[in-house]
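Structure file target-v9.cif with mmCIF, C-alpha atoms and all ligand atoms:
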```
data_coords
loop_
_atom_site.label_atom_id
_atom_site.label_comp_id
_atom_site.auth_asym_id
_atom_site.auth_seq_id
_atom_site.Cartn_x
_atom_site.Cartn_y
_atom_site.Cartn_z
CA ASP W 502 338.70 0.17 -168.44
CA PRO W 503 336.30 -2.51 -167.19
CA GLN W 504 333.47 -1.25 -169.34
CA ASN W 505 335.34 -1.66 -172.60
CA HIS W 506 336.72 -5.02 -171.52
CA GLN W 507 333.25 -6.21 -170.81
CA MET W 508 332.10 -5.18 -174.27
CA GLU W 509 335.06 -6.71 -176.01
CA ASP W 510 334.85 -9.97 -174.05
CA ILE W 511 331.21 -10.38 -174.91
CA GLY W 512 331.91 -9.41 -178.51
CA SER W 513 334.64 -12.01 -178.83
CA LEU W 514 332.52 -14.67 -177.13
CA GLY W 515 329.46 -13.89 -179.23
CA ARG W 516 328.20 -16.93 -181.09
CA LEU W 517 327.86 -15.21 -184.43
CA ASN W 518 331.00 -13.19 -184.10
CA CYS W 519 330.55 -11.16 -187.26
CA ARG W 520 330.18 -7.63 -186.00
CA ALA W 521 332.24 -7.62 -182.83
CA LYS W 522 334.79 -5.44 -184.56
CA GLY W 523 332.25 -3.22 -186.21
CA GLY W 524 330.83 -5.27 -189.01
CA ALA W 525 331.60 -5.20 -192.69
CA SER W 526 329.94 -1.94 -193.70
CA GLY W 527 329.82 1.46 -192.11
CA PHE W 528 332.43 3.94 -191.00
CA LYS W 529 334.55 4.40 -187.90
CA VAL W 530 333.74 7.70 -186.21
CA ALA W 531 335.25 9.41 -183.15
CA ILE W 532 333.68 12.21 -181.13
CA LEU W 533 336.20 14.30 -179.14
CA GLY W 534 334.41 16.09 -176.29
CA ALA W 535 331.75 13.37 -176.23
CA ALA W 536 330.63 13.92 -172.63
CA GLY W 537 329.69 17.59 -173.15
CA GLY W 538 326.44 19.38 -173.84
CA ILE W 539 326.80 18.82 -177.58
CA GLY W 540 328.83 15.62 -177.29
CA GLN W 541 326.17 13.57 -175.50
CA PRO W 542 323.21 14.12 -177.84
CA LEU W 543 325.67 13.93 -180.76
CA ALA W 544 326.82 10.51 -179.52
CA LEU W 545 323.17 9.45 -179.17
CA LEU W 546 322.33 10.48 -182.73
CA MET W 547 325.51 8.99 -184.23
CA LYS W 548 324.73 5.68 -182.49
CA MET W 549 321.44 5.77 -184.42
CA ASN W 550 323.15 6.48 -187.77
CA PRO W 551 323.22 3.36 -189.96
CA LEU W 552 326.38 4.59 -191.71
CA VAL W 553 328.36 4.26 -188.46
CA SER W 554 329.85 0.86 -187.55
CA VAL W 555 332.23 1.92 -184.77
CA LEU W 556 331.75 4.93 -182.50
CA HIS W 557 334.59 6.10 -180.25
CA LEU W 558 333.66 8.50 -177.46
CA TYR W 559 336.56 10.53 -176.06
CA ASP W 560 336.57 13.20 -173.36
CA VAL W 561 338.66 14.26 -170.38
CA VAL W 562 335.71 13.54 -168.04
CA ASN W 563 332.66 11.27 -167.73
CA THR W 564 333.07 9.08 -170.82
CA PRO W 565 332.60 5.79 -168.91
CA GLY W 566 329.04 6.77 -167.97
CA VAL W 567 328.11 8.18 -171.36
CA THR W 568 329.59 5.14 -173.13
CA SER W 569 327.84 2.62 -170.89
CA ASP W 570 324.54 4.40 -171.40
CA ILE W 571 324.79 4.83 -175.19
CA SER W 572 326.11 1.28 -175.67
CA HIS W 573 322.79 -0.19 -174.52
CA MET W 574 320.98 1.20 -177.57
CA ASP W 575 320.03 -1.67 -179.89
CA THR W 576 321.48 -0.09 -183.03
CA GLY W 577 324.36 -1.32 -185.17
CA ALA W 578 327.33 0.78 -184.12
CA VAL W 579 329.82 -0.66 -181.62
CA VAL W 580 330.59 1.97 -178.96
CA ARG W 581 333.87 2.34 -177.08
CA GLY W 582 334.79 4.96 -174.48
CA PHE W 583 338.15 6.65 -173.91
CA LEU W 584 338.96 8.83 -170.91
CA GLY W 585 341.76 11.36 -170.57
CA GLN W 586 344.73 12.46 -172.62
CA GLN W 587 346.55 9.13 -172.18
CA GLN W 588 343.75 7.42 -174.16
CA LEU W 589 343.50 9.98 -176.96
CA GLU W 590 345.69 8.07 -179.39
CA GLU W 591 343.86 4.81 -178.80
CA ALA W 592 340.59 6.65 -179.42
CA LEU W 593 341.83 7.95 -182.78
CA ILE W 594 343.59 4.98 -184.38
CA GLY W 595 341.74 3.82 -187.49
CA MET W 596 339.08 6.56 -187.44
CA GLU W 597 337.62 7.73 -190.77
CA LEU W 598 335.65 10.71 -189.43
CA VAL W 599 336.55 12.74 -186.33
CA ILE W 600 334.03 15.22 -184.93
CA ILE W 601 335.34 17.83 -182.44
CA PRO W 602 332.86 19.49 -180.06
CA ALA W 603 335.46 19.80 -177.23
CA GLY W 604 335.91 23.09 -175.43
CA VAL W 605 334.10 25.72 -173.37
CA PRO W 606 330.85 27.30 -174.61
CA ARG W 607 329.74 30.94 -174.31
CA LYS W 608 327.98 32.55 -171.38
CA PRO W 609 325.79 35.68 -171.72
CA GLY W 610 327.82 38.71 -172.79
CA MET W 611 330.58 36.65 -174.40
CA THR W 612 331.52 36.55 -178.08
CA ARG W 613 332.82 33.35 -179.67
CA ASP W 614 336.22 35.00 -179.83
CA ASP W 615 336.25 35.22 -176.02
CA LEU W 616 336.58 31.42 -176.04
CA PHE W 617 339.81 31.55 -178.05
CA ASN W 618 342.28 31.37 -175.16
CA ILE W 619 340.93 28.08 -173.84
CA ASN W 620 339.66 26.36 -176.98
CA ALA W 621 342.65 27.11 -179.23
CA GLY W 622 344.90 24.94 -177.06
CA ILE W 623 342.32 22.14 -176.85
CA VAL W 624 341.89 22.01 -180.64
CA LYS W 625 345.66 22.11 -181.12
CA THR W 626 346.21 19.08 -178.85
CA LEU W 627 343.39 17.07 -180.42
CA CYS W 628 344.60 17.82 -183.96
CA GLU W 629 348.15 16.74 -183.07
CA GLY W 630 346.62 13.40 -182.08
CA ILE W 631 344.69 13.20 -185.36
CA ALA W 632 347.84 13.97 -187.41
CA LYS W 633 349.63 11.15 -185.63
CA CYS W 634 346.92 8.46 -185.44
CA CYS W 635 344.41 8.99 -188.28
CA PRO W 636 345.95 11.51 -190.71
CA ASN W 637 343.51 10.50 -193.45
CA ALA W 638 340.34 11.06 -191.44
CA ILE W 639 337.79 13.69 -192.38
CA VAL W 640 337.74 16.25 -189.53
CA ASN W 641 334.61 18.21 -188.53
CA VAL W 642 335.49 21.14 -186.24
CA ILE W 643 332.64 22.40 -184.04
CA SER W 644 334.67 24.03 -181.21
CA ASN W 645 334.43 27.82 -181.29
CA PRO W 646 335.59 30.23 -182.52
CA VAL W 647 335.31 28.11 -185.70
CA ASN W 648 336.69 31.06 -187.73
CA SER W 649 339.98 30.58 -185.81
CA THR W 650 339.95 26.92 -184.76
CA VAL W 651 339.82 25.67 -188.38
CA PRO W 652 342.95 27.71 -189.31
CA ILE W 653 344.56 26.34 -186.11
CA ALA W 654 343.78 22.77 -187.18
CA ALA W 655 345.18 23.48 -190.66
CA GLU W 656 348.44 24.85 -189.20
CA VAL W 657 348.83 21.82 -186.91
CA PHE W 658 348.31 19.47 -189.87
CA LYS W 659 350.72 21.49 -192.06
CA LYS W 660 353.39 21.27 -189.36
CA ALA W 661 352.88 17.50 -189.20
CA GLY W 662 352.94 17.23 -193.01
CA THR W 663 349.43 15.74 -193.14
CA PHE W 664 347.32 18.73 -194.22
CA ASP W 665 344.76 18.00 -196.91
CA PRO W 666 342.35 20.93 -197.34
CA LYS W 667 339.71 18.50 -198.65
CA ARG W 668 339.50 16.74 -195.29
CA LEU W 669 339.21 19.70 -192.88
CA LEU W 670 335.76 21.22 -192.44
CA GLY W 671 334.44 23.80 -189.98
CA VAL W 672 330.84 23.02 -189.07
CA THR W 673 328.54 25.95 -189.96
CA MET W 674 325.51 23.72 -190.45
CA LEU W 675 323.69 25.19 -187.44
CA ASP W 676 323.59 28.55 -189.22
CA VAL W 677 321.94 26.84 -192.20
CA VAL W 678 319.53 24.93 -189.94
CA ARG W 679 318.52 28.17 -188.19
CA ALA W 680 318.22 30.04 -191.50
CA ASN W 681 315.97 27.31 -192.93
CA THR W 682 313.79 27.44 -189.79
CA PHE W 683 313.46 31.23 -189.58
CA VAL W 684 312.90 31.68 -193.33
CA ALA W 685 310.29 28.91 -193.37
CA GLU W 686 308.49 30.67 -190.53
CA VAL W 687 308.34 33.94 -192.50
CA LEU W 688 307.24 32.19 -195.70
CA GLY W 689 304.75 29.92 -193.92
CA LEU W 690 306.46 26.79 -195.32
CA ASP W 691 307.64 23.50 -193.85
CA PRO W 692 311.35 24.07 -192.97
CA ARG W 693 312.18 20.75 -194.65
CA ASP W 694 311.22 22.30 -197.98
CA VAL W 695 313.45 25.37 -197.54
CA ASP W 696 317.12 25.68 -198.47
CA VAL W 697 319.05 28.80 -197.46
CA PRO W 698 322.74 29.06 -198.38
CA VAL W 699 324.76 30.63 -195.55
CA VAL W 700 328.32 31.64 -196.41
CA GLY W 701 331.28 33.46 -194.83
CA GLY W 702 332.08 32.21 -191.34
CA HIS W 703 330.53 31.24 -188.02
CA ALA W 704 330.34 34.36 -185.82
CA GLY W 705 328.17 37.50 -185.88
CA VAL W 706 328.52 39.49 -189.10
CA THR W 707 330.64 36.78 -190.71
CA ILE W 708 327.46 34.66 -190.89
CA LEU W 709 326.09 35.71 -194.27
CA PRO W 710 322.71 34.24 -195.28
CA LEU W 711 322.13 34.58 -199.02
CA LEU W 712 318.42 35.31 -198.93
CA SER W 713 318.41 36.13 -202.66
CA GLN W 714 319.25 32.47 -203.33
CA VAL W 715 316.62 30.83 -201.12
CA LYS W 716 314.92 27.76 -202.56
CA PRO W 717 312.04 27.64 -203.35
CA SER W 718 312.61 30.94 -205.10
CA CYS W 719 310.86 33.78 -203.28
CA SER W 720 311.30 37.45 -202.38
CA PHE W 721 311.46 39.31 -199.11
CA THR W 722 310.63 42.90 -198.14
CA PRO W 723 313.60 44.99 -196.89
CA LYS W 724 312.12 44.69 -193.38
CA GLU W 725 312.04 40.90 -193.66
CA VAL W 726 315.63 40.85 -194.94
CA ASP W 727 316.80 42.91 -191.95
CA TYR W 728 314.85 40.75 -189.49
CA LEU W 729 316.03 37.45 -190.96
CA THR W 730 319.68 38.47 -191.37
CA ASP W 731 319.82 39.74 -187.78
CA ARG W 732 318.07 36.67 -186.35
CA ILE W 733 320.28 34.22 -188.28
CA GLN W 734 323.48 36.07 -187.30
CA ASN W 735 322.44 36.23 -183.63
CA GLY W 736 320.65 32.90 -183.30
CA GLY W 737 323.46 31.57 -181.13
CA THR W 738 323.26 34.55 -178.79
CA GLU W 739 319.48 34.07 -178.55
CA VAL W 740 320.11 30.59 -177.10
CA VAL W 741 323.00 31.72 -174.87
CA GLU W 742 320.75 34.38 -173.31
CA ALA W 743 317.81 32.00 -172.87
CA LYS W 744 320.10 29.48 -171.14
CA ALA W 745 321.24 32.32 -168.87
CA GLY W 746 324.70 31.02 -167.98
CA ALA W 747 324.08 27.31 -168.53
CA GLY W 748 325.84 27.31 -171.91
CA SER W 749 325.02 27.67 -175.59
CA ALA W 750 323.16 25.66 -178.21
CA THR W 751 323.67 21.94 -177.63
CA LEU W 752 320.58 20.07 -178.87
CA SER W 753 320.06 21.93 -182.15
CA MET W 754 323.85 21.82 -182.57
CA ALA W 755 323.96 18.06 -182.10
CA TYR W 756 321.18 17.77 -184.71
CA ALA W 757 323.13 20.02 -187.10
CA ALA W 758 326.40 18.17 -186.44
CA VAL W 759 324.78 14.83 -187.28
CA LYS W 760 323.14 16.25 -190.38
CA PHE W 761 326.59 17.42 -191.48
CA ALA W 762 328.48 14.26 -190.43
CA ASP W 763 325.90 12.15 -192.25
CA ALA W 764 326.54 14.19 -195.42
CA CYS W 765 330.30 13.62 -195.02
CA LEU W 766 329.72 9.86 -194.62
CA ARG W 767 327.39 9.69 -197.62
CA GLY W 768 330.12 11.45 -199.59
CA LEU W 769 332.74 8.96 -198.36
CA ARG W 770 330.43 6.13 -199.39
CA GLY W 771 330.36 7.54 -202.92
CA ASP W 772 326.87 9.05 -203.07
CA SER W 773 326.56 11.71 -205.74
CA GLY W 774 325.22 15.23 -205.35
CA VAL W 775 325.95 15.66 -201.63
CA VAL W 776 326.21 19.43 -201.18
CA GLU W 777 326.31 21.32 -197.86
CA CYS W 778 327.73 24.61 -196.55
CA ALA W 779 331.00 24.37 -194.60
CA PHE W 780 333.96 26.56 -193.56
CA VAL W 781 336.90 25.26 -195.59
CA ALA W 782 340.20 26.24 -197.20
CA SER W 783 338.90 28.09 -200.23
CA GLN W 784 339.64 30.30 -203.21
CA VAL W 785 336.11 31.64 -203.44
CA THR W 786 337.38 34.95 -202.01
CA GLU W 787 340.87 36.32 -201.38
CA LEU W 788 340.72 34.86 -197.84
CA PRO W 789 342.40 31.48 -197.19
CA PHE W 790 339.24 30.08 -195.54
CA PHE W 791 335.61 30.75 -196.29
CA ALA W 792 332.26 29.01 -195.79
CA SER W 793 330.24 28.22 -198.88
CA LYS W 794 328.46 25.31 -200.49
CA VAL W 795 330.79 22.37 -201.03
CA ARG W 796 330.28 19.01 -202.74
CA LEU W 797 331.29 16.09 -200.53
CA GLY W 798 332.70 12.88 -201.98
CA ARG W 799 335.03 9.96 -201.39
CA THR W 800 338.01 12.25 -200.72
CA GLY W 801 336.15 14.88 -198.68
CA VAL W 802 335.52 18.32 -200.22
CA GLU W 803 335.60 17.60 -203.95
CA GLU W 804 334.29 20.89 -205.24
CA ILE W 805 333.73 24.35 -203.79
CA HIS W 806 330.79 26.17 -205.31
CA PRO W 807 331.10 29.84 -206.23
CA LEU W 808 328.96 32.30 -204.25
CA GLY W 809 326.61 32.93 -207.16
CA PRO W 810 324.98 36.30 -207.87
CA LEU W 811 324.74 38.54 -204.78
CA ASN W 812 322.47 41.57 -204.44
CA GLU W 813 323.75 44.87 -203.08
CA TYR W 814 322.70 44.10 -199.48
CA GLU W 815 324.67 40.85 -199.63
CA ARG W 816 327.71 42.48 -201.28
CA THR W 817 327.85 45.01 -198.43
CA GLY W 818 327.47 42.18 -195.90
CA LEU W 819 330.25 40.25 -197.63
CA GLU W 820 332.73 43.13 -197.25
CA LYS W 821 331.93 43.39 -193.52
CA ALA W 822 332.21 39.63 -193.11
CA LYS W 823 335.57 39.44 -194.88
CA LYS W 824 337.08 42.13 -192.66
CA GLU W 825 336.25 40.30 -189.42
CA LEU W 826 337.03 36.88 -190.91
CA ALA W 827 340.51 37.96 -192.03
CA ALA W 828 341.40 38.95 -188.45
CA SER W 829 339.98 35.73 -186.94
CA ILE W 830 341.84 33.55 -189.44
CA GLN W 831 345.08 35.42 -188.80
CA LYS W 832 344.63 35.02 -185.05
CA GLY W 833 344.40 31.24 -185.46
CA VAL W 834 347.41 31.02 -187.76
CA THR W 835 349.51 33.18 -185.43
CA PHE W 836 348.61 30.99 -182.43
CA ILE W 837 350.44 28.04 -184.01
CA ARG W 838 353.22 29.90 -185.86
CA LYS W 839 354.20 32.19 -182.96
P1 LIG W 901 330.40 21.69 -172.83
O1 LIG W 901 331.25 22.44 -171.88
O2 LIG W 901 329.06 21.25 -172.42
O3 LIG W 901 331.19 20.41 -173.36
C1 LIG W 901 332.49 20.47 -173.79
C2 LIG W 901 333.16 19.15 -173.51
O4 LIG W 901 334.52 19.23 -173.98
C3 LIG W 901 333.21 18.79 -172.01
O5 LIG W 901 332.68 17.49 -171.80
C4 LIG W 901 334.69 18.85 -171.70
O6 LIG W 901 335.09 17.91 -170.70
C5 LIG W 901 335.30 18.52 -173.03
N1 LIG W 901 336.69 18.89 -173.12
C6 LIG W 901 337.35 19.95 -172.58
N2 LIG W 901 338.65 19.88 -172.85
C7 LIG W 901 338.84 18.77 -173.59
C8 LIG W 901 339.98 18.16 -174.17
N3 LIG W 901 341.19 18.69 -174.05
N4 LIG W 901 339.79 17.03 -174.86
C9 LIG W 901 338.56 16.48 -174.99
N5 LIG W 901 337.46 17.01 -174.46
C10 LIG W 901 337.61 18.14 -173.77
O7 LIG W 901 330.30 22.61 -174.17
P2 LIG W 901 329.30 22.43 -175.40
O8 LIG W 901 328.07 23.20 -175.14
O9 LIG W 901 329.21 20.99 -175.73
O10 LIG W 901 330.11 23.22 -176.56
C11 LIG W 901 331.32 22.72 -177.05
C12 LIG W 901 331.92 23.68 -178.08
O11 LIG W 901 331.07 23.77 -179.23
C13 LIG W 901 332.07 25.10 -177.57
O12 LIG W 901 333.33 25.60 -177.99
C14 LIG W 901 330.96 25.85 -178.28
O13 LIG W 901 331.25 27.22 -178.43
C15 LIG W 901 330.93 25.14 -179.60
N6 LIG W 901 329.70 25.32 -180.37
C16 LIG W 901 329.81 25.39 -181.74
C17 LIG W 901 328.71 25.57 -182.52
C18 LIG W 901 328.86 25.63 -184.01
O14 LIG W 901 327.89 25.98 -184.69
N7 LIG W 901 330.00 25.30 -184.59
C19 LIG W 901 327.36 25.71 -181.93
C20 LIG W 901 327.34 25.56 -180.51
C21 LIG W 901 328.48 25.40 -179.76
#
```
Is it possible to give me this structure as structure tokens?
Ligand code: NAI
Amino acid sequence: DPQNHQMEDIGSLGRLNCRAKGGASGFKVAILGAAGGIGQPLALLMKMNPLVSVLHLYDVVNTPGVTSDISHMDTGAVVRGFLGQQQLEEALIGMELVIIPAGVPRKPGMTRDDLFNINAGIVKTLCEGIAKCCPNAIVNVISNPVNSTVPIAAEVFKKAGTFDPKRLLGVTMLDVVRANTFVAEVLGLDPRDVDVPVVGGHAGVTILPLLSQVKPSCSFTPKEVDYLTDRIQNGGTEVVEAKAGAGSATLSMAYAAVKFADACLRGLRGDSGVVECAFVASQVTELPFFASKVRLGRTGVEEIHPLGPLNEYERTGLEKAKKELAASIQKGVTFIRK
């Protein structure tokens, strides 16, 4: 690949050849699906993240262009592009964090589960590569349906003997980002000052905002609770309909993905008190996977927070969520075990 050669030649010829291989500090991060609607702005934002020293961009199309473009940004991370299945392993070797936004997005009228047939196979292939080339990496799964693709990833890693539940995280951060935004709007606050826990999963009724636990502490009328719950659960569909066939959330998702990846990297670095919601292997409920607040540290998910006190509205929502989640998890597990 001429573009990578050019970068490496210049790096090795550089007079002060101290960061040609990524410098002393910072983490090595790969984005799989980097040329897509999410992948491109995600690559842009990760190139701006000071915690990233090396950024690998992998896709089955268009990575040379995206890589060339992003590599001209005068930020610290060294960017390398990888194109096509035959370069997957090279893209993954040595990575400490792998972010997966590969796969097809929804069109109007589709549920996330309608994406299963295509995306399940994509996630399986990518996770086989991770198990082989960077089995100790933290993995952030964005590809939908997250409620099934995370169990798929877990099964692939189990088969390979590399599964560590602390290092596999489904990204539900966009649900939290939306919840913070919509709740702030109702309360008349700056969204940066609002923290809404969102638990369960990442599809329809499995998205369970815990409005009784919003910080700063506040109360909502029953009408506000109905409005907010519905808007948070269907925020994705709102975007899919507005884009009218051109895809689903990409820009807000890239923002959310970077917010989450940055938390994972701060945890890896050893920062204390890094807590975010994520869909992980969990014993918070009887289900094998569940999204809730988790504390991120040097080894990944170091602690899973309990759900805390739920009101009756939330307890009813939880039962509904668990029913759909159980089926989605089982569907993912069966896809690999069949
Ligand atoms: P897109 O179609 O714009 O981009 C997907 C990219 O994946 C394309 O560049 C495509 O070439 C690439 N790709 C396909 N097969 C691949 C393979 N085998 N290996 C590597 N790359 C491959 O889609 P978009 O909008 O970026 O969405 C990506 C995924 O993210 C979808 O499944 C979507 O449902 C999901 N998503 C998840 C959200 C979440 O909150 N977790 C929010 C929004 C979207």
How close does each residue of chain W get to ligand LIG 901 (chain W), giving the shortest atom pair and distance in Å to one decimal for every residue with an atom at most 7 Å away, counting all atoms listed in the file, sorted by chain and residue number, as CSV?
```
residue,atom,partner,partner_atom,distance
W:Leu533,CA,W:LIG901,C9,5.2
W:Gly534,CA,W:LIG901,N5,3.7
W:Ala535,CA,W:LIG901,O5,6.1
W:Ala536,CA,W:LIG901,O5,4.2
W:Gly537,CA,W:LIG901,O3,3.2
W:Gly538,CA,W:LIG901,O2,3.5
W:Ile539,CA,W:LIG901,O9,3.7
W:Gly540,CA,W:LIG901,O9,5.6
W:Tyr559,CA,W:LIG901,C9,6.4
W:Asp560,CA,W:LIG901,N5,4.1
W:Val561,CA,W:LIG901,N5,5.1
W:Val562,CA,W:LIG901,O6,5.2
W:Pro602,CA,W:LIG901,C11,4.7
W:Ala603,CA,W:LIG901,O4,3.4
W:Gly604,CA,W:LIG901,O4,4.4
W:Val605,CA,W:LIG901,O1,4.6
W:Pro606,CA,W:LIG901,O13,3.8
W:Arg607,CA,W:LIG901,O13,5.8
W:Arg613,CA,W:LIG901,O13,6.4
W:Leu616,CA,W:LIG901,O12,6.9
W:Asn620,CA,W:LIG901,O12,6.5
W:Ile623,CA,W:LIG901,N3,4.6
W:Thr626,CA,W:LIG901,N3,7.0
W:Leu627,CA,W:LIG901,N4,6.6
W:Ile643,CA,W:LIG901,N7,4.0
W:Ser644,CA,W:LIG901,O12,3.8
W:Asn645,CA,W:LIG901,O12,4.1
W:Pro646,CA,W:LIG901,O13,6.7
W:Val647,CA,W:LIG901,N7,6.1
W:Val672,CA,W:LIG901,N7,5.1
W:Thr673,CA,W:LIG901,O14,5.3
W:Met674,CA,W:LIG901,O14,6.6
W:Leu675,CA,W:LIG901,O14,5.1
W:Asp676,CA,W:LIG901,O14,6.8
W:His703,CA,W:LIG901,O14,6.8
W:Gly748,CA,W:LIG901,O8,5.7
W:Ser749,CA,W:LIG901,O8,5.4
W:Ala750,CA,W:LIG901,C20,4.8
W:Thr751,CA,W:LIG901,O8,5.2
W:Met754,CA,W:LIG901,C19,5.3
```
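Using all atoms listed in the file for every distance, the candidate list W:Lys794, W:Lys760, W:Lys823, W:His573 yields W:Lys760 as the residue closest to Met547 of chain W.
Between Ser554 of chain W and the residues W:Ser526, W:Gln784, W:Ser572, W:Ser718, the shortest atom-to-atom distance, using only C-alpha atoms, involves W:Ser526.
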_Atom pair atom CA of Gly801 of chain W / atom CA of Ile571 of chain W: separation (Å)_ = 28.0 Å
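Proximity ranking of W:Ala654, W:Val580, W:Ala745, W:Leu808 relative to Leu709 of chain W places W:Leu808 first, based on only C-alpha atoms.
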*Do you know which residues lie at most 10 Å from (331.7, 30.4, -192.2), with coordinates as in the file and all atoms listed in the file counted, and could you write them as a VMD selection string?*
chain W and resid 647 to 648 671 to 674 676 699 to 704 707 to 709 778 to 781 790 to 793 822 826
Export of prior selection with C-alpha atoms as a PDB file, keeping the file's coordinate frame:
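Generated file (out_26.pdb):
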```
ATOM      1  CA  VAL W 647     335.310  28.110-185.700  1.00  0.00           C
ATOM      2  CA  ASN W 648     336.690  31.060-187.730  1.00  0.00           C
ATOM      3  CA  GLY W 671     334.440  23.800-189.980  1.00  0.00           C
ATOM      4  CA  VAL W 672     330.840  23.020-189.070  1.00  0.00           C
ATOM      5  CA  THR W 673     328.540  25.950-189.960  1.00  0.00           C
ATOM      6  CA  MET W 674     325.510  23.720-190.450  1.00  0.00           C
ATOM      7  CA  ASP W 676     323.590  28.550-189.220  1.00  0.00           C
ATOM      8  CA  VAL W 699     324.760  30.630-195.550  1.00  0.00           C
ATOM      9  CA  VAL W 700     328.320  31.640-196.410  1.00  0.00           C
ATOM     10  CA  GLY W 701     331.280  33.460-194.830  1.00  0.00           C
ATOM     11  CA  GLY W 702     332.080  32.210-191.340  1.00  0.00           C
ATOM     12  CA  HIS W 703     330.530  31.240-188.020  1.00  0.00           C
ATOM     13  CA  ALA W 704     330.340  34.360-185.820  1.00  0.00           C
ATOM     14  CA  THR W 707     330.640  36.780-190.710  1.00  0.00           C
ATOM     15  CA  ILE W 708     327.460  34.660-190.890  1.00  0.00           C
ATOM     16  CA  LEU W 709     326.090  35.710-194.270  1.00  0.00           C
ATOM     17  CA  CYS W 778     327.730  24.610-196.550  1.00  0.00           C
ATOM     18  CA  ALA W 779     331.000  24.370-194.600  1.00  0.00           C
ATOM     19  CA  PHE W 780     333.960  26.560-193.560  1.00  0.00           C
ATOM     20  CA  VAL W 781     336.900  25.260-195.590  1.00  0.00           C
ATOM     21  CA  PHE W 790     339.240  30.080-195.540  1.00  0.00           C
ATOM     22  CA  PHE W 791     335.610  30.750-196.290  1.00  0.00           C
ATOM     23  CA  ALA W 792     332.260  29.010-195.790  1.00  0.00           C
ATOM     24  CA  SER W 793     330.240  28.220-198.880  1.00  0.00           C
ATOM     25  CA  ALA W 822     332.210  39.630-193.110  1.00  0.00           C
ATOM     26  CA  LEU W 826     337.030  36.880-190.910  1.00  0.00           C
TER      27      LEU W 826
END
```
